[in-house]
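*Asks:* Starting off with a structure, shown below.
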Amino acid sequence: MGFFKRHKTFFIDALLLFGLMLLFFMRWIFKEHYTLFTSDVVQDFAMHHFAATSWSKGEIPLWDPYFTWAFVAYLNSGVFYPFNLLMDFLHALTVDNLNFGYLLMEANAFFHYFLAILIAEHFEHQNLF
């Protein structure tokens with residue numbers, strides 16, 4: 001019996017939930033302007049932009065000179081979180097293009113919603129809930 005046949009309901013449920021997620025984020029994905037400029041997003045964007053500029057200079061973003069605090073120690077900066085590292089390194093390649101950095105931040109958030117769906121669906125099919 002193939003892998004897909006054994007986990008058919010998992011894939012169907014995950015695709016349905018992914019479709020609902022796309023429906024929920026439709027205005028966010030297919031937009032012509034940014035609508036998510038809240039204080040949290042602006043702060044996160046500033047932190048990721050600072051980390052990306054530090055990585056592009058070949059420096060580890062240990063200390064934030066603007067707020068004079070240990071940037072690595074701040075929990076929300078997530079400097080060494082694998083997905084943030086990938087996002088910051090991609091942003092560091094085009095550090096002058098702020099729109100690309102914001103797009104990466106949106107894609108990172110969208111990916112984490114999808115990852116949460118897959119993990120929850122996996123545990124639901126393992127009868128752990």
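Ligands are numbered from 1 in the order shown, residues from 1 within each chain, and chains are lettered A, B, ... in the order they appear in the structure tokens.
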Produce a table with one row for each residue of segment 69-127 of chain A that has an atom at most 9 Å from any atom of segment 55-64 of chain A, each row naming the nearest atom pair and its distance in Å at one decimal; use only C-alpha atoms; arrange rows by chain and rising residue number; format as a tab-separated table.

*Replies:*
```
residue	atom	partner	partner_atom	distance
A:Trp69	CA	A:Asp64	CA	5.6
A:Ala70	CA	A:Trp63	CA	4.6
A:Phe71	CA	A:Trp63	CA	4.9
A:Val72	CA	A:Leu62	CA	5.1
A:Ala73	CA	A:Leu62	CA	8.0
A:Val79	CA	A:Pro61	CA	7.6
A:Asp88	CA	A:Trp55	CA	7.6
A:Phe89	CA	A:Trp55	CA	6.9
A:His91	CA	A:Ser56	CA	8.7
A:Ala92	CA	A:Ser56	CA	5.0
A:Leu93	CA	A:Ser56	CA	7.0
A:Val95	CA	A:Ser56	CA	7.6
```

*Asks:* Grab the residues selected above and save them as a PDB file, in the first residue's frame with N, CA and C atoms.

*Replies:*
```
ATOM      1  N   TRP A  69      20.815  47.740  23.341  1.00  0.00           N
ATOM      2  CA  TRP A  69      20.499  46.528  24.070  1.00  0.00           C
ATOM      3  C   TRP A  69      21.037  45.332  23.283  1.00  0.00           C
ATOM      4  N   ALA A  70      21.173  44.229  23.988  1.00  0.00           N
ATOM      5  CA  ALA A  70      21.710  43.026  23.356  1.00  0.00           C
ATOM      6  C   ALA A  70      20.657  42.459  22.408  1.00  0.00           C
ATOM      7  N   PHE A  71      20.912  42.588  21.131  1.00  0.00           N
ATOM      8  CA  PHE A  71      19.943  42.184  20.114  1.00  0.00           C
ATOM      9  C   PHE A  71      19.712  40.679  20.120  1.00  0.00           C
ATOM     10  N   VAL A  72      20.764  39.915  20.308  1.00  0.00           N
ATOM     11  CA  VAL A  72      20.652  38.459  20.308  1.00  0.00           C
ATOM     12  C   VAL A  72      19.850  37.981  21.515  1.00  0.00           C
ATOM     13  N   ALA A  73      19.989  38.652  22.642  1.00  0.00           N
ATOM     14  CA  ALA A  73      19.307  38.224  23.864  1.00  0.00           C
ATOM     15  C   ALA A  73      17.816  38.546  23.837  1.00  0.00           C
ATOM     16  N   VAL A  79      17.267  35.765  16.229  1.00  0.00           N
ATOM     17  CA  VAL A  79      18.411  35.855  15.318  1.00  0.00           C
ATOM     18  C   VAL A  79      18.835  34.494  14.801  1.00  0.00           C
ATOM     19  N   ASP A  88      16.581  36.321   6.803  1.00  0.00           N
ATOM     20  CA  ASP A  88      17.546  37.422   6.925  1.00  0.00           C
ATOM     21  C   ASP A  88      18.661  37.307   5.900  1.00  0.00           C
ATOM     22  N   PHE A  89      19.116  36.083   5.613  1.00  0.00           N
ATOM     23  CA  PHE A  89      20.160  35.924   4.592  1.00  0.00           C
ATOM     24  C   PHE A  89      19.632  36.261   3.200  1.00  0.00           C
ATOM     25  N   HIS A  91      17.205  38.379   2.636  1.00  0.00           N
ATOM     26  CA  HIS A  91      17.048  39.835   2.660  1.00  0.00           C
ATOM     27  C   HIS A  91      18.402  40.527   2.566  1.00  0.00           C
ATOM     28  N   ALA A  92      19.443  39.904   3.129  1.00  0.00           N
ATOM     29  CA  ALA A  92      20.780  40.497   3.072  1.00  0.00           C
ATOM     30  C   ALA A  92      21.312  40.559   1.646  1.00  0.00           C
ATOM     31  N   LEU A  93      20.856  39.660   0.782  1.00  0.00           N
ATOM     32  CA  LEU A  93      21.294  39.696  -0.615  1.00  0.00           C
ATOM     33  C   LEU A  93      20.786  40.942  -1.322  1.00  0.00           C
ATOM     34  N   VAL A  95      19.595  43.962   0.390  1.00  0.00           N
ATOM     35  CA  VAL A  95      19.301  44.756   1.578  1.00  0.00           C
ATOM     36  C   VAL A  95      18.741  46.136   1.224  1.00  0.00           C
TER      37      VAL A  95
END
```

*Asks:* Measuring between only C-alpha atoms, which one of A:Ala46, A:Leu75, A:Ala52, A:His7 shows the shortest distance to Thr94 of chain A?

*Replies:*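 Selected residue with least distance to Thr94 of chain A: A:Ala52.
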
*Asks:* Go through A:Asn108, A:Gln43, A:Thr68, A:Ser54 one by one, measure the shortest atom-to-atom distance of each to Phe83 of chain A using only C-alpha atoms, and give the residue with the smallest value.

*Replies:*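 For Phe83 of chain A, the nearest of the given residues is A:Asn108.
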
*Asks:* Write out as a PDB file with N, CA, C and O atoms, in the first residue's frame the set of residues from chain A that DSSP, computed on the backbone, places in strand (DSSP E or B).

*Replies:*
```pdb
ATOM      1  N   TRP A  63      24.597  43.315  19.085  1.00  0.00           N
ATOM      2  CA  TRP A  63      24.250  44.503  19.852  1.00  0.00           C
ATOM      3  C   TRP A  63      23.539  45.496  18.948  1.00  0.00           C
ATOM      4  O   TRP A  63      24.014  45.794  17.856  1.00  0.00           O
ATOM      5  N   ASP A  64      22.415  45.990  19.390  1.00  0.00           N
ATOM      6  CA  ASP A  64      21.661  46.978  18.619  1.00  0.00           C
ATOM      7  C   ASP A  64      22.135  48.369  19.010  1.00  0.00           C
ATOM      8  O   ASP A  64      21.900  48.819  20.136  1.00  0.00           O
ATOM      9  N   TRP A  69      20.815  47.740  23.341  1.00  0.00           N
ATOM     10  CA  TRP A  69      20.499  46.528  24.070  1.00  0.00           C
ATOM     11  C   TRP A  69      21.037  45.332  23.283  1.00  0.00           C
ATOM     12  O   TRP A  69      21.319  45.449  22.106  1.00  0.00           O
ATOM     13  N   ALA A  70      21.173  44.229  23.988  1.00  0.00           N
ATOM     14  CA  ALA A  70      21.710  43.026  23.356  1.00  0.00           C
ATOM     15  C   ALA A  70      20.657  42.459  22.408  1.00  0.00           C
ATOM     16  O   ALA A  70      19.626  41.940  22.836  1.00  0.00           O
TER      17      ALA A  70
END
```

*Asks:* Under the rule that only C-alpha atoms are counted, which of A:Leu17, A:Phe80, A:His49, A:Glu124 is the nearest residue to Asn97 of chain A?

*Replies:*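 Smallest separation from Asn97 of chain A among the options: A:His49.
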
*Asks:* Taking only segment 39-92 of chain A into account, list the residues labelled alpha helix (DSSP H) by DSSP (computed from the backbone), as a ChimeraX atom specification.

*Replies:* /A:39-56,82-92

*Asks:* Include N, CA, C and O atoms and write out the residues we just selected as an mmCIF file, in the first residue's frame.

*Replies:*
```cif
data_model
loop_
_atom_site.group_PDB
_atom_site.id
_atom_site.type_symbol
_atom_site.label_atom_id
_atom_site.label_comp_id
_atom_site.auth_asym_id
_atom_site.auth_seq_id
_atom_site.Cartn_x
_atom_site.Cartn_y
_atom_site.Cartn_z
ATOM 1 N N SER A 39 1.909 48.161 14.526
ATOM 2 C CA SER A 39 3.130 48.435 15.285
ATOM 3 C C SER A 39 3.997 47.191 15.423
ATOM 4 O O SER A 39 5.225 47.276 15.383
ATOM 5 N N ASP A 40 3.375 46.016 15.570
ATOM 6 C CA ASP A 40 4.161 44.782 15.688
ATOM 7 C C ASP A 40 4.914 44.475 14.402
ATOM 8 O O ASP A 40 6.078 44.080 14.430
ATOM 9 N N VAL A 41 4.242 44.659 13.270
ATOM 10 C CA VAL A 41 4.882 44.369 11.984
ATOM 11 C C VAL A 41 6.017 45.350 11.720
ATOM 12 O O VAL A 41 7.090 44.964 11.259
ATOM 13 N N VAL A 42 5.809 46.613 12.036
ATOM 14 C CA VAL A 42 6.861 47.606 11.834
ATOM 15 C C VAL A 42 8.058 47.295 12.713
ATOM 16 O O VAL A 42 9.207 47.375 12.275
ATOM 17 N N GLN A 43 7.806 46.904 13.972
ATOM 18 C CA GLN A 43 8.911 46.548 14.860
ATOM 19 C C GLN A 43 9.638 45.311 14.356
ATOM 20 O O GLN A 43 10.867 45.279 14.315
ATOM 21 N N ASP A 44 8.901 44.274 13.963
ATOM 22 C CA ASP A 44 9.534 43.060 13.456
ATOM 23 C C ASP A 44 10.309 43.335 12.182
ATOM 24 O O ASP A 44 11.401 42.800 11.984
ATOM 25 N N PHE A 45 9.748 44.177 11.303
ATOM 26 C CA PHE A 45 10.453 44.496 10.069
ATOM 27 C C PHE A 45 11.753 45.229 10.373
ATOM 28 O O PHE A 45 12.790 44.947 9.769
ATOM 29 N N ALA A 46 11.710 46.150 11.327
ATOM 30 C CA ALA A 46 12.932 46.885 11.685
ATOM 31 C C ALA A 46 13.983 45.938 12.254
ATOM 32 O O ALA A 46 15.173 46.052 11.928
ATOM 33 N N MET A 47 13.540 44.979 13.075
ATOM 34 C CA MET A 47 14.503 44.024 13.638
ATOM 35 C C MET A 47 15.106 43.139 12.554
ATOM 36 O O MET A 47 16.317 42.916 12.528
ATOM 37 N N HIS A 48 14.266 42.649 11.630
ATOM 38 C CA HIS A 48 14.791 41.793 10.568
ATOM 39 C C HIS A 48 15.671 42.581 9.606
ATOM 40 O O HIS A 48 16.657 42.052 9.090
ATOM 41 N N HIS A 49 15.320 43.826 9.380
ATOM 42 C CA HIS A 49 16.155 44.651 8.497
ATOM 43 C C HIS A 49 17.512 44.919 9.148
ATOM 44 O O HIS A 49 18.545 44.864 8.480
ATOM 45 N N PHE A 50 17.516 45.191 10.451
ATOM 46 C CA PHE A 50 18.785 45.384 11.148
ATOM 47 C C PHE A 50 19.618 44.100 11.111
ATOM 48 O O PHE A 50 20.826 44.143 10.859
ATOM 49 N N ALA A 51 18.977 42.947 11.340
ATOM 50 C CA ALA A 51 19.709 41.679 11.292
ATOM 51 C C ALA A 51 20.245 41.420 9.890
ATOM 52 O O ALA A 51 21.391 40.984 9.724
ATOM 53 N N ALA A 52 19.441 41.713 8.858
ATOM 54 C CA ALA A 52 19.889 41.482 7.483
ATOM 55 C C ALA A 52 21.053 42.393 7.120
ATOM 56 O O ALA A 52 22.002 41.953 6.462
ATOM 57 N N THR A 53 21.003 43.655 7.542
ATOM 58 C CA THR A 53 22.126 44.557 7.232
ATOM 59 C C THR A 53 23.379 44.128 7.986
ATOM 60 O O THR A 53 24.485 44.226 7.457
ATOM 61 N N SER A 54 23.209 43.622 9.212
ATOM 62 C CA SER A 54 24.380 43.131 9.953
ATOM 63 C C SER A 54 24.976 41.909 9.272
ATOM 64 O O SER A 54 26.197 41.809 9.117
ATOM 65 N N TRP A 55 24.118 40.962 8.868
ATOM 66 C CA TRP A 55 24.619 39.770 8.177
ATOM 67 C C TRP A 55 25.282 40.147 6.862
ATOM 68 O O TRP A 55 26.283 39.543 6.471
ATOM 69 N N SER A 56 24.734 41.147 6.152
ATOM 70 C CA SER A 56 25.326 41.531 4.859
ATOM 71 C C SER A 56 26.699 42.164 5.030
ATOM 72 O O SER A 56 27.520 42.121 4.122
ATOM 73 N N PRO A 82 15.992 29.120 12.683
ATOM 74 C CA PRO A 82 16.353 28.723 11.313
ATOM 75 C C PRO A 82 15.583 29.454 10.205
ATOM 76 O O PRO A 82 16.177 29.870 9.215
ATOM 77 N N PHE A 83 14.282 29.637 10.372
ATOM 78 C CA PHE A 83 13.522 30.310 9.317
ATOM 79 C C PHE A 83 13.841 31.807 9.262
ATOM 80 O O PHE A 83 13.865 32.401 8.188
ATOM 81 N N ASN A 84 14.114 32.413 10.424
ATOM 82 C CA ASN A 84 14.531 33.812 10.420
ATOM 83 C C ASN A 84 15.920 33.964 9.818
ATOM 84 O O ASN A 84 16.205 34.944 9.129
ATOM 85 N N LEU A 85 16.803 33.003 10.087
ATOM 86 C CA LEU A 85 18.136 33.049 9.472
ATOM 87 C C LEU A 85 18.033 33.001 7.951
ATOM 88 O O LEU A 85 18.681 33.792 7.252
ATOM 89 N N LEU A 86 17.206 32.092 7.447
ATOM 90 C CA LEU A 86 17.013 32.001 6.003
ATOM 91 C C LEU A 86 16.438 33.298 5.449
ATOM 92 O O LEU A 86 16.924 33.823 4.443
ATOM 93 N N MET A 87 15.426 33.830 6.134
ATOM 94 C CA MET A 87 14.805 35.074 5.682
ATOM 95 C C MET A 87 15.805 36.236 5.731
ATOM 96 O O MET A 87 15.878 37.036 4.799
ATOM 97 N N ASP A 88 16.581 36.321 6.803
ATOM 98 C CA ASP A 88 17.546 37.422 6.925
ATOM 99 C C ASP A 88 18.661 37.307 5.900
ATOM 100 O O ASP A 88 19.123 38.314 5.358
ATOM 101 N N PHE A 89 19.116 36.083 5.613
ATOM 102 C CA PHE A 89 20.160 35.924 4.592
ATOM 103 C C PHE A 89 19.632 36.261 3.200
ATOM 104 O O PHE A 89 20.337 36.870 2.393
ATOM 105 N N LEU A 90 18.389 35.888 2.909
ATOM 106 C CA LEU A 90 17.812 36.270 1.617
ATOM 107 C C LEU A 90 17.618 37.778 1.526
ATOM 108 O O LEU A 90 17.827 38.377 0.478
ATOM 109 N N HIS A 91 17.205 38.379 2.636
ATOM 110 C CA HIS A 91 17.048 39.835 2.660
ATOM 111 C C HIS A 91 18.402 40.527 2.566
ATOM 112 O O HIS A 91 18.522 41.597 1.979
ATOM 113 N N ALA A 92 19.443 39.904 3.129
ATOM 114 C CA ALA A 92 20.780 40.497 3.072
ATOM 115 C C ALA A 92 21.312 40.559 1.646
ATOM 116 O O ALA A 92 22.123 41.424 1.314
#
```
